[in-house]
Amino acid sequence: MGLRAGRPERDLLRRHQDVRQANFLELFVDLVLVFALAGVVNRVVDDLSSGDPVLRWRSLAYLLVLTMPLIWLWITTAHITSWFDPRRPTIQWIVLASAFGLLVMSSSLPYAFVGRGWAFVVPYLLLHCVRPLVLIPTLRGHALRHLYVRSSLWCVAGGSIWVAGAVANGNARAALWATAVTVDIVAAQLRWPVPGMSRPPVSAWAMDSGHHLPERYQQLLMIALGESVLAVGLTFTNRPVTAATSAALVVAYLSTVLLWRIYFYRSGQVLAEAVVTATDRLVAGQATGVAHVVMVVGIVGMAAGFEIVLTHPTGRPESAWLAAILGGPVLFLYGRIRLERVVFDRLSRRRLVGIAVLAASAAPLAYAPALAASVVAAAVLLGIALADAHHAAGRPPEAPSPGF
C-alpha cells in the first residue's frame with residue numbers, strides 16, 4: 001500500500017472487517033526484525049565462543065538484554081497496526097519509522113556495550129515516547145487515549161534508566177538496560193499505573209480483532225524460525241564441510257522444522273479461533289503475548305546454540321554452550337505450555353516431559369561432543385512431535401476451549 005496523501009486523518013481506528021491479515025508495511029517491519037534477531041545471535045555467539053567462562057555466561061544475559069527491547073518494539077508496533085487503519089498516511093509513517101528505528105538499533109548490536117549505545121537507545125525511546133503522542137489527539141473519548149497518556153508518562157520516567165545505560169559502558173550498561181527493559185515490560189503488564197488516574201479497560205496486549213494480533217504473533221514466531229535458518233546457513237557457508245558440520249546442519253534444520261510442527265499442533269493453528277471465543281480478550285491477549293515472547297527468546301537461544309555446534313561440533317561443550325543448546329528448547333516448550341493453557345485451558349504433559357528430559361540430560365552431555373547435545377535436543381523435539389501425531393490419529397480436529 002502506498003503512502004497516500006489527501007485522506008482525512010480523523011478516526012484512524014480500524015474497521016473490524018479490515019483486521020484479519022497483516023499488510024505489506026507490517027511485513028516490511030518483519031523483514032527488519034529478522035535482521036535484528038540475526039544481529040543479536042551474532043553478537044552473543046562471539047562472546048559465547050570466548051575462552052573466558054564469565055564472559056560466556058554473561059553472553060546469555062546479553063541475549064535477553066538485547067532481544068527483549070527489539071521484540072517489545074515489534075509488539076507495540078503490532079498493537080498499533082491491530083487497532084489503527086494502516087491505509088492512513090499517519091499510521092503508514094509510524095510503521096515506516098518503527099522499521100527504521102529497528103534497523104538503526106540492529107546496526108548498533110555488535111558494539112552495543114562498548115560504544116554506539118545511543119544508536120540503540122535513541123530510536124527505542126523516540127518510538128515509544130513519540131508514537132503515542134501522535135495518536136492521542138485522534139482518540140478523543142476512546143479508552144486507548146488513557147492508555148497512551150499513561151505509557152508516555154512511563155516512557156519519560158523509564159527513559160532516564162535507558163539514558164544512564166547509554167552513558168555508562170560494559171557491565172554497567174548491560175545492567176542498567178536490563179533494569180530498563182524490565183521496567184518497561186512490567187509497567188505495560190500493569191497497564192502503566194499512574195497515581196490519580198483510573199485504570200483503562202485496555203492494555204498493551206489488548207486485541208481489538210480476534211484475528212489480526214494472533215496472526216501477527218504467529219508471524220513473530222515464524223520470523224524467529226527464519227532467523228534461525230539464516231544463522232545456520234550463514235555459519236555453515238563459512239565453515240569447512242566435514243561429516244560433523246554436515247550432521248550439525250541437518251540436525252539444526254530438522255530441529256527448526258520440529259519447532260514449527262510443535263507450535264502449530266494444535267494450539268498455534270487455532271489460536272485466532274480461541275481468541276475470538278475467549279470471554280476475556282484482555283487476559284487472553286496478555287497470556288498469548290507472553291507465551292510468544294518466551295518461545296521466541298527460546299528460538300533465538302537455540303540459534304546461538306546451533307552456531308556453536310557448527311563451529312565446534314566435536315569439541316567438549318562448555319556449560320554455557322549447553323545452556324543455549326538445551327535451554328533454548330526448554331524455553332520454547334515452556335512458552336508452548338503457556339500457549340496450550342490459553343487455547344485449551346490444560347497442561348501439556350508431553351511438553352512437560354520434554355523439559356524434564358532435557359534438564360536431566362545436561363549433566364551426562366557435558367562429557368560428550370557438542371553435536372551430541374544438539375542431537376539429544378532434536379530427539380526430544382521429535383518425540384514430542386510424534387506423540388502429538390499419535391494423539392491426533394483417528395480423531396477429529398480438536399476445537400479450542402479457552403479458559404479466559
# chains A, B, ... in the order shown; residues from 1 in each chain; ligands from 1

call {"tool": "residues_around", "arguments": {"residues": "Ser246 (chain A)", "least_positions_apart": "6", "cutoff": "10 Å", "atoms": "only C-alpha atoms", "output": "list in words"}}
result
Phe236, Arg239, Pro240, Ala252, Leu310 and Pro313 of chain A

call {"tool": "closest_atom_pairs", "arguments": {"of": "region 248-324 of chain A", "to": "region 74-92 of chain A", "cutoff": "12 Å", "atoms": "only C-alpha atoms", "output": "tab-separated table"}}
result
residue	atom	partner	partner_atom	distance
A:Gly285	CA	A:His79	CA	10.6
A:Gln286	CA	A:Ile75	CA	11.4
A:Thr288	CA	A:Ile75	CA	11.7
A:Gly289	CA	A:Ile75	CA	8.3
A:Val290	CA	A:Ile75	CA	10.6
A:His292	CA	A:Ile75	CA	10.4
A:Val293	CA	A:Ile75	CA	9.3

call {"tool": "write_last_selection", "arguments": {"atoms": "all heavy atoms", "output": "mmCIF file, in the first residue's frame"}}
result
data_model
loop_
_atom_site.group_PDB
_atom_site.id
_atom_site.type_symbol
_atom_site.label_atom_id
_atom_site.label_comp_id
_atom_site.auth_asym_id
_atom_site.auth_seq_id
_atom_site.Cartn_x
_atom_site.Cartn_y
_atom_site.Cartn_z
ATOM 1 N N GLY A 285 -5.198 -11.978 25.536
ATOM 2 C CA GLY A 285 -4.165 -11.283 24.770
ATOM 3 C C GLY A 285 -2.854 -11.202 25.524
ATOM 4 O O GLY A 285 -1.778 -11.407 24.952
ATOM 5 N N GLN A 286 -2.923 -10.921 26.817
ATOM 6 C CA GLN A 286 -1.701 -10.839 27.617
ATOM 7 C C GLN A 286 -1.017 -12.193 27.708
ATOM 8 O O GLN A 286 0.198 -12.302 27.522
ATOM 9 C CB GLN A 286 -2.048 -10.334 29.017
ATOM 10 C CG GLN A 286 -0.851 -10.180 29.926
ATOM 11 C CD GLN A 286 -1.190 -9.452 31.207
ATOM 12 O OE1 GLN A 286 -1.934 -8.475 31.196
ATOM 13 N NE2 GLN A 286 -0.652 -9.907 32.319
ATOM 14 N N THR A 288 -1.290 -14.704 25.644
ATOM 15 C CA THR A 288 -0.798 -15.058 24.318
ATOM 16 C C THR A 288 0.519 -14.342 24.012
ATOM 17 O O THR A 288 1.479 -14.941 23.516
ATOM 18 C CB THR A 288 -1.841 -14.705 23.248
ATOM 19 O OG1 THR A 288 -3.033 -15.442 23.489
ATOM 20 C CG2 THR A 288 -1.327 -15.027 21.852
ATOM 21 N N GLY A 289 0.572 -13.046 24.317
ATOM 22 C CA GLY A 289 1.787 -12.287 24.062
ATOM 23 C C GLY A 289 2.971 -12.803 24.855
ATOM 24 O O GLY A 289 4.066 -12.987 24.307
ATOM 25 N N VAL A 290 2.763 -13.069 26.138
ATOM 26 C CA VAL A 290 3.858 -13.566 26.981
ATOM 27 C C VAL A 290 4.347 -14.917 26.481
ATOM 28 O O VAL A 290 5.555 -15.179 26.405
ATOM 29 C CB VAL A 290 3.402 -13.656 28.452
ATOM 30 C CG1 VAL A 290 4.443 -14.387 29.294
ATOM 31 C CG2 VAL A 290 3.138 -12.267 29.018
ATOM 32 N N HIS A 292 4.337 -16.135 23.465
ATOM 33 C CA HIS A 292 5.126 -15.995 22.240
ATOM 34 C C HIS A 292 6.482 -15.349 22.502
ATOM 35 O O HIS A 292 7.478 -15.722 21.866
ATOM 36 C CB HIS A 292 4.334 -15.204 21.197
ATOM 37 C CG HIS A 292 3.289 -16.007 20.498
ATOM 38 N ND1 HIS A 292 2.044 -16.229 21.041
ATOM 39 C CD2 HIS A 292 3.312 -16.677 19.315
ATOM 40 C CE1 HIS A 292 1.334 -16.985 20.213
ATOM 41 N NE2 HIS A 292 2.080 -17.265 19.160
ATOM 42 N N VAL A 293 6.545 -14.406 23.422
ATOM 43 C CA VAL A 293 7.844 -13.811 23.760
ATOM 44 C C VAL A 293 8.785 -14.874 24.305
ATOM 45 O O VAL A 293 9.960 -14.954 23.910
ATOM 46 C CB VAL A 293 7.660 -12.668 24.782
ATOM 47 C CG1 VAL A 293 9.011 -12.232 25.348
ATOM 48 C CG2 VAL A 293 6.964 -11.478 24.136
#

call {"tool": "closest_residue", "arguments": {"among": "A:Leu254, A:Leu382, A:Val134, A:Ala168", "to": "Arg116 (chain A)", "atoms": "only C-alpha atoms"}}
result
A:Ala168

call {"tool": "closest_residue", "arguments": {"among": "A:Leu333, A:Val294, A:Val343, A:Met302", "to": "Ala274 (chain A)", "atoms": "only C-alpha atoms"}}
result
A:Val343

call {"tool": "residues_around", "arguments": {"residues": "Gly298 (chain A)", "least_positions_apart": "3", "cutoff": "6 Å", "atoms": "only C-alpha atoms", "output": "list in words"}}
result
Met295, Gly301, Gly328, Leu331 and Phe332 of chain A

call {"tool": "write_last_selection", "arguments": {"atoms": "C-alpha atoms", "output": "JSON list (two decimals), in the first residue's frame"}}
result
[["chain", "number", "residue", "atom", "x", "y", "z"],
["A", 295, "MET", "CA", 9.06, -19.05, 22.71],
["A", 301, "GLY", "CA", 18.87, -19.11, 22.18],
["A", 328, "GLY", "CA", 16.61, -22.83, 24.16],
["A", 331, "LEU", "CA", 12.21, -22.06, 26.99],
["A", 332, "PHE", "CA", 10.37, -22.80, 23.77]]

call {"tool": "residues_around", "arguments": {"residues": "region 357-369 of chain A", "least_positions_apart": "2", "cutoff": "8 Å", "atoms": "only C-alpha atoms", "output": "list in words"}}
result
Pro313, Thr314, Gly315, Arg316, Pro317, Glu318, Ser319, Leu322, Leu326, Val330, Val353, Gly354, Ile355, Leu371, Ala372, Ala373, Val376, Ala377 and Val380 of chain A
